[in-house]
file target_27.cif (mmCIF, C-alpha atoms)
data_my_file
loop_
_atom_site.label_atom_id
_atom_site.label_comp_id
_atom_site.auth_asym_id
_atom_site.auth_seq_id
_atom_site.Cartn_x
_atom_site.Cartn_y
_atom_site.Cartn_z
CA MET A 1 -41.68 2.86 -30.52
CA PRO A 2 -44.48 1.63 -27.80
CA ALA A 3 -45.08 -1.88 -26.93
CA GLY A 4 -47.10 -4.35 -25.02
CA LEU A 5 -47.60 -4.75 -21.33
CA GLY A 6 -47.37 -8.00 -19.45
CA THR A 7 -44.81 -9.82 -21.55
CA SER A 8 -42.99 -12.96 -20.49
CA TYR A 9 -40.39 -15.41 -21.80
CA SER A 10 -40.55 -18.95 -23.10
CA SER A 11 -38.38 -20.99 -25.43
CA LEU A 12 -38.44 -20.73 -29.22
CA SER A 13 -37.38 -23.81 -31.20
CA GLU A 14 -34.44 -23.45 -33.51
CA ASP A 15 -36.36 -24.62 -36.59
CA VAL A 16 -38.34 -21.37 -36.57
CA TYR A 17 -35.32 -19.20 -37.30
CA LYS A 18 -31.94 -20.10 -38.69
CA SER A 19 -29.40 -17.43 -37.86
CA THR A 20 -26.74 -16.50 -40.37
CA THR A 21 -24.81 -14.75 -37.66
CA THR A 22 -21.76 -16.14 -35.94
CA SER A 23 -21.78 -15.38 -32.23
CA ALA A 24 -18.82 -13.73 -30.60
CA ALA A 25 -16.65 -15.67 -28.18
CA PRO A 26 -18.48 -16.03 -24.82
CA ASP A 27 -15.53 -14.78 -22.83
CA LYS A 28 -15.24 -11.57 -24.83
CA PHE A 29 -17.17 -8.67 -23.36
CA ASN A 30 -19.22 -6.80 -25.90
CA VAL A 31 -21.13 -3.61 -25.26
CA LEU A 32 -23.78 -4.87 -27.69
CA ASP A 33 -24.55 -7.74 -25.31
CA SER A 34 -25.52 -5.21 -22.68
CA MET A 35 -27.92 -3.62 -25.14
CA LYS A 36 -29.38 -7.04 -25.98
CA LYS A 37 -29.95 -7.84 -22.33
CA ALA A 38 -31.60 -4.48 -21.82
CA PHE A 39 -33.94 -5.12 -24.77
CA GLN A 40 -34.72 -8.61 -23.51
CA GLN A 41 -35.49 -7.31 -20.04
CA ASN A 42 -37.70 -4.63 -21.53
CA PHE A 43 -39.76 -7.22 -23.41
CA LYS A 44 -41.05 -8.38 -20.02
CA GLY A 45 -43.12 -5.24 -19.62
CA GLY A 46 -43.28 -3.36 -22.90
CA SER A 47 -41.85 -0.17 -24.33
CA SER A 48 -42.28 2.32 -27.10
CA ILE A 49 -39.64 0.61 -29.21
CA LEU A 50 -41.61 -2.61 -29.66
CA ASN A 51 -44.41 -0.83 -31.44
CA SER A 52 -41.95 0.70 -33.82
CA ILE A 53 -40.84 -2.82 -34.79
CA GLY A 54 -44.27 -4.36 -35.05
CA GLY A 55 -45.09 -5.49 -31.52
CA GLY A 56 -48.14 -4.37 -29.63
CA PRO A 57 -49.82 -4.11 -26.26
CA GLY A 58 -50.50 -7.43 -24.59
CA ALA A 59 -47.64 -9.19 -26.28
CA ARG A 60 -45.64 -12.08 -24.88
CA ALA A 61 -41.98 -12.41 -25.76
CA ARG A 62 -40.24 -15.63 -26.60
CA HIS A 63 -36.48 -15.62 -26.56
CA SER A 64 -33.80 -18.08 -27.55
CA ASN A 65 -30.42 -17.48 -25.92
CA SER A 66 -28.60 -19.15 -28.77
CA LEU A 67 -30.43 -17.48 -31.63
CA ASP A 68 -31.02 -13.90 -30.43
CA THR A 69 -34.57 -14.23 -31.73
CA VAL A 70 -37.67 -12.81 -30.08
CA SER A 71 -41.27 -13.78 -30.76
CA LEU A 72 -44.14 -11.74 -29.33
CA HIS A 73 -47.47 -13.35 -28.50
CA ALA A 74 -50.69 -11.84 -27.23
CA ASP A 75 -51.35 -12.30 -23.56
CA GLU A 76 -53.49 -15.26 -22.65
CA PRO A 77 -54.78 -16.73 -19.39
CA THR A 78 -52.13 -18.46 -17.32
CA PRO A 79 -52.73 -22.17 -17.96
CA ILE A 80 -53.44 -24.54 -15.13
CA ILE A 81 -51.12 -27.47 -15.62
CA ILE A 82 -52.03 -30.79 -14.13
CA GLY A 83 -48.95 -32.89 -13.62
CA ARG A 84 -48.68 -36.53 -14.49
CA ASP A 85 -48.96 -37.79 -10.94
CA SER A 86 -51.56 -39.35 -8.70
CA ARG A 87 -53.45 -36.05 -8.19
CA ARG A 88 -56.90 -35.84 -9.78
CA MET A 89 -60.15 -33.97 -9.44
CA PRO A 90 -62.32 -35.35 -6.61
CA SER A 91 -65.43 -37.30 -7.55
CA SER A 92 -68.88 -35.97 -6.71
CA ALA A 93 -69.13 -38.35 -3.74
CA GLU A 94 -65.76 -37.23 -2.39
CA GLU A 95 -66.69 -33.58 -2.89
CA THR A 96 -69.92 -34.09 -0.92
CA ALA A 97 -68.00 -35.78 1.88
CA LEU A 98 -65.44 -32.98 2.01
CA LEU A 99 -68.10 -30.28 2.13
CA GLY A 100 -69.93 -32.18 4.84
CA THR A 101 -66.93 -31.83 7.16
CA MET A 102 -66.96 -28.00 6.91
CA PRO A 103 -68.91 -25.98 9.47
CA SER A 104 -72.17 -24.83 7.95
CA ASP A 105 -71.84 -21.30 9.31
CA SER A 106 -68.25 -20.75 8.12
CA MET A 107 -69.43 -19.60 4.71
CA ASP A 108 -71.60 -16.88 6.25
CA ASP A 109 -68.60 -15.00 7.67
CA ILE A 110 -66.74 -14.49 4.38
CA GLU A 111 -66.40 -10.84 3.41
CA LEU A 112 -64.48 -9.35 0.51
CA LYS A 113 -62.26 -6.51 1.67
CA ASN A 114 -59.70 -4.20 0.08
CA ILE A 115 -60.82 -4.81 -3.49
CA GLN A 116 -59.03 -2.43 -5.85
CA LEU A 117 -59.75 -1.97 -9.51
CA GLN A 118 -56.65 -1.52 -11.61
CA PHE A 119 -56.83 0.20 -14.96
CA PRO A 120 -54.11 0.33 -17.64
CA THR A 121 -51.90 3.38 -17.48
CA ALA A 122 -53.08 6.01 -19.94
CA ARG A 123 -50.79 6.32 -22.92
CA THR A 124 -49.30 9.73 -23.47
CA LEU A 125 -46.62 11.33 -25.61
CA SER A 126 -46.16 14.42 -23.46
CA ARG A 127 -42.69 15.63 -22.56
CA ASP A 128 -41.16 14.29 -19.35
CA ASP A 129 -39.00 17.00 -17.82
CA THR A 130 -38.06 15.11 -14.66
CA ASN A 131 -34.90 13.49 -15.98
CA THR A 132 -34.36 15.04 -19.43
CA THR A 133 -32.44 18.17 -20.36
CA GLU A 134 -32.97 19.79 -23.77
CA GLU A 135 -30.22 21.87 -25.38
CA GLN A 136 -29.68 23.52 -28.75
CA VAL A 137 -26.46 22.67 -30.63
CA MET A 138 -25.35 24.92 -33.47
CA THR A 139 -24.30 23.33 -36.77
CA GLU A 140 -23.61 24.58 -40.28
CA LYS A 141 -27.25 23.83 -41.12
CA GLY A 142 -28.65 25.71 -38.13
CA SER A 143 -29.35 24.58 -34.59
CA ILE A 144 -30.67 21.15 -33.66
CA LEU A 145 -32.27 19.99 -30.44
CA VAL A 146 -30.41 17.44 -28.32
CA ALA A 147 -32.18 15.94 -25.29
CA ILE A 148 -29.97 14.33 -22.64
CA GLN A 149 -31.01 11.60 -20.20
CA GLY A 150 -28.70 10.22 -17.52
CA ASP A 151 -25.32 10.97 -16.00
CA ARG A 152 -23.02 12.61 -18.56
CA ARG A 153 -20.02 10.90 -16.98
CA LYS A 154 -21.37 7.53 -18.15
CA PRO A 155 -20.79 5.92 -21.59
CA ALA A 156 -22.91 7.56 -24.29
CA ILE A 157 -25.83 6.24 -26.33
CA MET A 158 -26.84 8.40 -29.29
CA SER A 159 -30.37 7.98 -30.62
CA PHE A 160 -32.00 9.25 -33.80
CA HIS A 161 -35.74 9.09 -34.55
CA ASP A 162 -37.79 8.11 -37.59
CA ILE A 163 -39.87 10.32 -39.90
CA GLY A 164 -42.97 11.86 -38.33
CA LEU A 165 -41.55 11.43 -34.83
CA ASN A 166 -39.07 13.06 -32.49
CA TYR A 167 -37.20 11.84 -29.42
CA ILE A 168 -40.33 12.09 -27.23
CA ALA A 169 -42.63 10.04 -29.48
CA ASN A 170 -39.93 7.57 -30.49
CA PHE A 171 -37.82 6.92 -27.39
CA GLN A 172 -39.16 8.53 -24.22
CA ALA A 173 -41.52 5.74 -23.14
CA PHE A 174 -38.85 3.12 -23.83
CA PHE A 175 -36.14 4.71 -21.71
CA ASN A 176 -38.57 5.74 -18.97
CA TYR A 177 -39.92 2.22 -18.56
CA ILE A 178 -39.15 0.69 -15.17
CA ASP A 179 -37.10 -2.19 -16.59
CA MET A 180 -34.86 0.28 -18.41
CA ARG A 181 -33.65 1.96 -15.23
CA ALA A 182 -30.56 -0.23 -15.28
CA LEU A 183 -29.74 1.11 -18.73
CA LEU A 184 -30.04 4.75 -17.64
CA GLU A 185 -28.00 4.01 -14.52
CA ASN A 186 -25.09 2.86 -16.66
CA PHE A 187 -25.38 5.03 -19.78
CA CYS A 188 -26.15 8.61 -20.75
CA VAL A 189 -28.52 8.95 -23.70
CA TYR A 190 -28.17 11.81 -26.19
CA HIS A 191 -31.38 12.08 -28.26
CA VAL A 192 -30.68 13.95 -31.50
CA ASN A 193 -33.63 15.53 -33.30
CA ALA A 194 -33.60 16.30 -37.00
CA PRO A 195 -33.96 20.03 -37.79
CA GLY A 196 -37.51 21.28 -37.24
CA GLN A 197 -38.89 17.98 -35.92
CA GLU A 198 -39.05 18.83 -32.21
CA GLU A 199 -42.32 19.64 -30.46
CA GLY A 200 -43.48 23.21 -30.97
CA ALA A 201 -40.95 23.86 -33.74
CA PRO A 202 -41.82 26.83 -35.99
CA ALA A 203 -41.99 26.33 -39.73
CA LEU A 204 -38.55 26.46 -41.30
CA PRO A 205 -37.92 29.43 -43.65
CA GLU A 206 -38.96 28.99 -47.27
CA ASP A 207 -35.37 29.43 -48.43
CA TYR A 208 -34.02 26.87 -45.93
CA ILE A 209 -32.17 24.03 -47.64
CA TYR A 210 -32.76 20.88 -45.61
CA PRO A 211 -29.68 18.69 -44.95
CA THR A 212 -29.23 15.56 -47.00
CA MET A 213 -28.95 12.21 -45.21
CA ASP A 214 -25.15 12.40 -45.42
CA GLU A 215 -25.19 15.93 -44.03
CA LEU A 216 -27.45 14.83 -41.18
CA ALA A 217 -24.92 12.10 -40.42
CA ASP A 218 -22.11 14.65 -40.35
CA MET A 219 -24.11 16.74 -37.87
CA LEU A 220 -23.75 13.89 -35.38
CA ASN A 221 -20.00 14.46 -35.42
CA ILE A 222 -20.62 18.09 -34.44
CA VAL A 223 -22.85 16.93 -31.58
CA MET A 224 -20.12 14.58 -30.34
CA ALA A 225 -17.55 17.36 -30.46
CA HIS A 226 -19.91 19.72 -28.62
CA TYR A 227 -20.27 17.27 -25.73
CA ASN A 228 -16.68 16.03 -25.96
CA LEU A 229 -17.75 12.44 -26.66
CA LYS A 230 -15.03 10.06 -27.82
CA SER A 231 -17.36 7.24 -28.88
CA VAL A 232 -21.07 6.38 -28.76
CA ILE A 233 -23.48 3.47 -29.07
CA GLY A 234 -25.83 4.14 -31.99
CA PHE A 235 -29.56 3.57 -31.51
CA GLY A 236 -31.77 4.50 -34.46
CA VAL A 237 -35.17 3.75 -35.97
CA GLY A 238 -36.07 3.95 -39.67
CA ALA A 239 -34.62 7.14 -41.14
CA GLY A 240 -32.63 7.63 -37.93
CA ALA A 241 -31.11 4.17 -38.30
CA ASN A 242 -30.02 5.00 -41.85
CA ILE A 243 -28.42 8.26 -40.64
CA LEU A 244 -26.53 6.46 -37.86
CA ALA A 245 -25.33 3.80 -40.32
CA ARG A 246 -23.90 6.53 -42.54
CA PHE A 247 -22.20 8.11 -39.56
CA ALA A 248 -20.70 4.74 -38.57
CA LEU A 249 -19.35 4.23 -42.10
CA ASN A 250 -17.71 7.66 -42.09
CA TYR A 251 -16.45 7.53 -38.49
CA PRO A 252 -16.05 3.84 -37.57
CA ASN A 253 -13.73 4.61 -34.65
CA LYS A 254 -16.39 6.76 -32.98
CA VAL A 255 -19.09 4.06 -32.84
CA GLU A 256 -18.78 1.18 -30.36
CA CYS A 257 -21.80 -0.74 -31.66
CA MET A 258 -25.25 -0.08 -33.09
CA CYS A 259 -28.86 -1.10 -32.62
CA LEU A 260 -30.71 -0.42 -35.89
CA ILE A 261 -34.49 -0.87 -36.11
CA ASN A 262 -36.14 -1.12 -39.55
CA CYS A 263 -33.04 0.18 -41.27
CA ALA A 264 -33.00 0.53 -45.07
CA SER A 265 -29.58 0.29 -46.71
CA THR A 266 -30.73 0.92 -50.29
CA GLN A 267 -32.25 3.78 -52.25
CA ALA A 268 -35.99 4.38 -52.07
CA GLY A 269 -37.98 2.16 -54.41
CA TRP A 270 -40.57 3.44 -56.89
CA ILE A 271 -43.55 2.60 -54.67
CA GLU A 272 -42.08 4.35 -51.62
CA TRP A 273 -41.02 7.29 -53.77
CA GLY A 274 -44.50 7.64 -55.32
CA TYR A 275 -46.42 7.50 -52.03
CA GLN A 276 -44.05 9.90 -50.33
CA LYS A 277 -44.23 12.37 -53.21
CA MET A 278 -48.02 12.52 -52.72
CA ASN A 279 -47.48 12.98 -49.00
CA LEU A 280 -45.06 15.85 -49.65
CA ARG A 281 -47.58 17.62 -51.89
CA ASN A 282 -50.34 17.29 -49.27
CA LEU A 283 -48.15 18.33 -46.35
CA ARG A 284 -47.05 21.50 -48.13
CA ALA A 285 -50.46 22.46 -49.51
CA LYS A 286 -52.98 21.14 -46.97
CA GLY A 287 -51.02 20.13 -43.88
CA MET A 288 -51.56 16.81 -42.07
CA THR A 289 -54.27 15.18 -44.18
CA GLU A 290 -55.95 11.86 -43.44
CA GLY A 291 -53.97 10.21 -46.23
CA VAL A 292 -50.61 11.36 -44.83
CA ARG A 293 -51.64 10.32 -41.34
CA ASP A 294 -52.68 6.85 -42.50
CA TYR A 295 -49.38 6.43 -44.35
CA LEU A 296 -47.43 7.35 -41.21
CA MET A 297 -49.48 4.86 -39.17
CA TRP A 298 -48.69 2.14 -41.71
CA HIS A 299 -45.03 3.14 -41.82
CA HIS A 300 -44.66 2.88 -38.05
CA PHE A 301 -47.11 0.08 -37.14
CA GLY A 302 -47.97 -1.87 -40.28
CA LYS A 303 -51.33 -3.40 -41.17
CA GLY A 304 -54.14 -4.27 -38.80
CA THR A 305 -53.08 -1.82 -36.11
CA ASP A 306 -56.70 -0.94 -35.26
CA GLU A 307 -57.40 -4.52 -34.19
CA ARG A 308 -54.18 -4.97 -32.22
CA ASN A 309 -53.51 -1.60 -30.60
CA HIS A 310 -56.69 0.46 -30.63
CA ASP A 311 -55.63 2.76 -27.77
CA LEU A 312 -52.21 3.25 -29.30
CA VAL A 313 -53.72 4.10 -32.67
CA GLU A 314 -55.75 6.93 -31.17
CA VAL A 315 -52.73 8.34 -29.30
CA TYR A 316 -50.56 8.47 -32.40
CA LYS A 317 -53.28 9.76 -34.69
CA GLN A 318 -53.80 12.67 -32.33
CA TYR A 319 -50.04 13.17 -32.10
CA PHE A 320 -49.61 13.39 -35.88
CA GLU A 321 -52.51 15.82 -36.17
CA ARG A 322 -51.58 18.13 -33.29
CA HIS A 323 -47.83 18.00 -32.70
CA VAL A 324 -46.18 17.58 -36.12
CA GLN A 325 -45.13 20.65 -38.13
CA PRO A 326 -46.23 19.57 -41.65
CA VAL A 327 -43.85 21.78 -43.65
CA ASN A 328 -40.84 20.66 -41.61
CA LEU A 329 -41.90 17.01 -41.88
CA ALA A 330 -42.18 17.37 -45.66
CA LEU A 331 -38.57 18.56 -45.80
CA PHE A 332 -37.36 15.62 -43.68
CA ILE A 333 -39.30 13.09 -45.78
CA ASP A 334 -37.96 14.61 -48.99
CA SER A 335 -34.42 14.20 -47.69
CA TYR A 336 -35.11 10.59 -46.71
CA ILE A 337 -36.54 9.47 -50.07
CA ARG A 338 -33.55 11.07 -51.83
CA ARG A 339 -31.15 8.92 -49.81
CA SER A 340 -28.30 7.18 -51.59
CA ASP A 341 -27.38 3.55 -51.23
CA LEU A 342 -25.09 2.79 -48.28
CA SER A 343 -22.84 0.88 -50.72
CA ILE A 344 -21.88 -1.81 -48.25
CA SER A 345 -21.35 -5.49 -49.02
CA ARG A 346 -20.48 -8.76 -47.33
CA GLU A 347 -17.08 -10.31 -48.04
CA THR A 348 -17.58 -13.97 -48.95
CA ASP A 349 -13.89 -14.82 -48.66
CA PRO A 350 -13.07 -15.12 -44.92
CA GLY A 351 -9.40 -14.60 -45.69
CA LYS A 352 -9.93 -11.10 -47.02
CA LYS A 353 -10.46 -7.99 -44.95
CA ASN A 354 -13.62 -6.09 -45.84
CA ASP A 355 -13.53 -2.34 -45.29
CA ASN A 356 -16.72 -1.84 -47.26
CA THR A 357 -19.16 -2.66 -44.45
CA LEU A 358 -19.97 -1.73 -40.87
CA ARG A 359 -17.02 -2.85 -38.75
CA MET A 360 -18.66 -2.57 -35.35
CA SER A 361 -21.20 -4.96 -33.84
CA VAL A 362 -24.71 -4.41 -35.21
CA MET A 363 -28.06 -5.58 -33.88
CA ASN A 364 -30.48 -5.41 -36.83
CA ILE A 365 -34.11 -5.54 -35.61
CA THR A 366 -37.49 -5.72 -37.33
CA GLY A 367 -41.00 -6.98 -36.54
CA ALA A 368 -43.43 -9.50 -38.02
CA PHE A 369 -45.91 -6.72 -38.77
CA SER A 370 -43.26 -4.39 -40.17
CA PRO A 371 -43.47 -3.26 -43.81
CA HIS A 372 -39.68 -2.93 -43.62
CA ILE A 373 -38.82 -6.62 -43.16
CA ASP A 374 -37.30 -6.92 -46.63
CA ASP A 375 -35.12 -3.87 -45.97
CA THR A 376 -33.67 -5.44 -42.83
CA VAL A 377 -33.11 -8.77 -44.61
CA THR A 378 -31.23 -6.95 -47.36
CA LEU A 379 -29.14 -5.14 -44.75
CA ASN A 380 -28.44 -8.42 -42.97
CA GLY A 381 -27.11 -9.91 -46.20
CA ARG A 382 -24.67 -6.99 -46.57
CA LEU A 383 -23.30 -7.11 -43.02
CA ASP A 384 -20.41 -9.17 -41.69
CA PRO A 385 -22.02 -12.26 -40.08
CA THR A 386 -19.29 -12.41 -37.44
CA ASN A 387 -20.35 -9.13 -35.82
CA SER A 388 -24.03 -8.74 -36.68
CA THR A 389 -27.32 -10.19 -35.47
CA TRP A 390 -30.71 -10.10 -37.18
CA MET A 391 -33.67 -10.12 -34.79
CA LYS A 392 -37.32 -10.46 -35.78
CA VAL A 393 -40.07 -9.78 -33.28
CA CYS A 394 -43.11 -11.95 -34.02
CA HIS A 395 -46.66 -11.45 -32.73
CA PHE A 396 -49.65 -13.69 -32.13
CA SER A 397 -53.09 -12.17 -31.63
CA ALA A 398 -55.38 -13.34 -28.86
CA ASN A 399 -57.49 -15.26 -31.38
CA HIS A 400 -55.13 -16.37 -34.10
CA LEU A 401 -51.61 -16.12 -35.45
CA PHE A 402 -50.92 -13.14 -37.70
CA ASP A 403 -48.74 -14.54 -40.45
CA ASP A 404 -48.86 -11.52 -42.72
CA SER A 405 -46.12 -8.94 -42.53
CA SER A 406 -47.19 -5.54 -41.56
CA ARG A 407 -44.92 -2.73 -39.35
CA ASN A 408 -42.58 -1.66 -36.93
#
call {"tool": "encode", "arguments": {"input": "target_27.cif", "output": "structure tokens"}}
result
Amino acid sequence: MPAGLGTSYSSLSEDVYKSTTTSAAPDKFNVLDSMKKAFQQNFKGGSSILNSIGGGPGARARHSNSLDTVSLHADEPTPIIIGRDSRRMPSSAEETALLGTMPSDSMDDIELKNIQLQFPTARTLSRDDTNTTEEQVMTEKGSILVAIQGDRRKPAIMSFHDIGLNYIANFQAFFNYIDMRALLENFCVYHVNAPGQEEGAPALPEDYIYPTMDELADMLNIVMAHYNLKSVIGFGVGAGANILARFALNYPNKVECMCLINCASTQAGWIEWGYQKMNLRNLRAKGMTEGVRDYLMWHHFGKGTDERNHDLVEVYKQYFERHVQPVNLALFIDSYIRRSDLSISRETDPGKKNDNTLRMSVMNITGAFSPHIDDTVTLNGRLDPTNSTWMKVCHFSANHLFDDSSRN
């Protein structure tokens, strides 16, 4: 999702985060490393993805090369550093002497010219048709929308969005950001939309049986066959991350690596199930109510979003109210809360081969404000530490450090 502008890098001490992941050999090329570098480059300026993992506008990124850990901090004035040398501020007597040597009329000729006010770019979730092609792909469960960005001759990235969003709201700003041009120059992105979740989608028929999470995963195989793709890099958020994980378990040879943001590997808990059941009832009977909208804001951005990202809050509130088909969203949410456990586990004996986990490289990302931190920690404990990395994006406000966990 969206993220902060004006980010920069500095070091993060190793005592903040202890990685359980074993890094791959430095001389071995890994496609996942390219994705990491692209994410790290993007943290310099901001993107839609950071907001979906708990970052926000005006965040600064801290990165440790050895730990694959990122910490976001609110932007602050550039400090003036006085070195430990002989330089010092002049005394009042010295300042008077210096000013006395300047011509008295020189100050009268100073004129400010070419002053330009710069305002932040307005946030928008409108479709960008300049470099994206939308196509319908037929499946056993009806047609689904696939949006394509980039040169189709390049290696493929396949994305899948979270509940309440589509490829425009979830990924467009991220891939259109200036620092992501290198990614689009080297990859072709195939954005897969869940049935009925695209902009302007009509309400699905009353007798339509929405695909289960496993069936949605199988639909990705149909998309790959349609575009004659041999393998892809998976890039998913929330429900989309869970769908891509299922696809990778069923077709491990077709997935090079994966970037999963706020991915849950277990069944829905009672609290999630209860809240979502109320949301389903409201969406079907009343449409997008204030309660459903607030739940979606919490699901995507966590607590305290109004204080951190006021402009972003307004953009997404309007998006949920105007561009989401409530009946179709209810069907997608119902499928998500009925998800089964991924049934993966970590092999503790290094001498044994474990076929019951994701075999490809996995970058498992969450945010300090994310309500899904525990889900990603659980997933991290079930992945092979030799080919997985857990990354937490942390945020500091302009006034104080937010220590509480709240969203993506």
call {"tool": "atom_distance", "arguments": {"input": "target_27.cif", "atom1": "CA of Ala241 (chain A)", "atom2": "CA of Phe160 (chain A)"}}
result
6.8 Å
call {"tool": "resolve_selection", "arguments": {"input": "target_27.cif", "expression": "the PyMOL selection byres ((chain A and resi 372) around 8)", "output": "MDAnalysis selection string"}}
result
chainID A and resid 262:264 366 370:371 373:376 407:408
call {"tool": "closest_residue", "arguments": {"input": "target_27.cif", "among": "A:Asp334, A:Asp384, A:Asp306, A:Glu140", "to": "Asp218 (chain A)", "atoms": "all atoms listed in the file"}}
result
A:Glu140
call {"tool": "residues_around", "arguments": {"input": "target_27.cif", "residues": "Ser159 (chain A)", "least_positions_apart": "3", "cutoff": "12 Å", "atoms": "all atoms listed in the file", "output": "PyMOL selection string"}}
result
chain A and resi 49+146-149+156+162+166-168+170-172+174-175+188-194+217+220+223+232-245+258-261
call {"tool": "resolve_selection", "arguments": {"input": "target_27.cif", "expression": "the PyMOL selection byres ((chain A and resi 380) around 10)", "output": "ChimeraX atom specification"}}
result
/A:20-21,263,265,345-346,362-365,374-379,381-385,388-391
call {"tool": "resolve_selection", "arguments": {"input": "target_27.cif", "expression": "the PyMOL selection byres ((chain A and resi 205) around 12)", "output": "ChimeraX atom specification"}}
result
/A:142,195-196,201-204,206-210,327-328,331
call {"tool": "atom_distance", "arguments": {"input": "target_27.cif", "atom1": "CA of Asn279 (chain A)", "atom2": "CA of Val292 (chain A)"}}
result
5.5 Å
call {"tool": "residues_around", "arguments": {"input": "target_27.cif", "residues": "region 248-254 of chain A", "least_positions_apart": "5", "cutoff": "8 Å", "atoms": "all atoms listed in the file", "output": "list of chain:residue names"}}
result
A:Lys230, A:Ser231, A:Val232, A:Thr357, A:Leu358, A:Arg359, A:Met360
call {"tool": "write_last_selection", "arguments": {"input": "target_27.cif", "atoms": "C-alpha atoms", "output": "CSV table (one decimal), in the frame of the given file"}}
result
chain,number,residue,atom,x,y,z
A,230,LYS,CA,-15.0,10.1,-27.8
A,231,SER,CA,-17.4,7.2,-28.9
A,232,VAL,CA,-21.1,6.4,-28.8
A,357,THR,CA,-19.2,-2.7,-44.4
A,358,LEU,CA,-20.0,-1.7,-40.9
A,359,ARG,CA,-17.0,-2.8,-38.8
A,360,MET,CA,-18.7,-2.6,-35.4
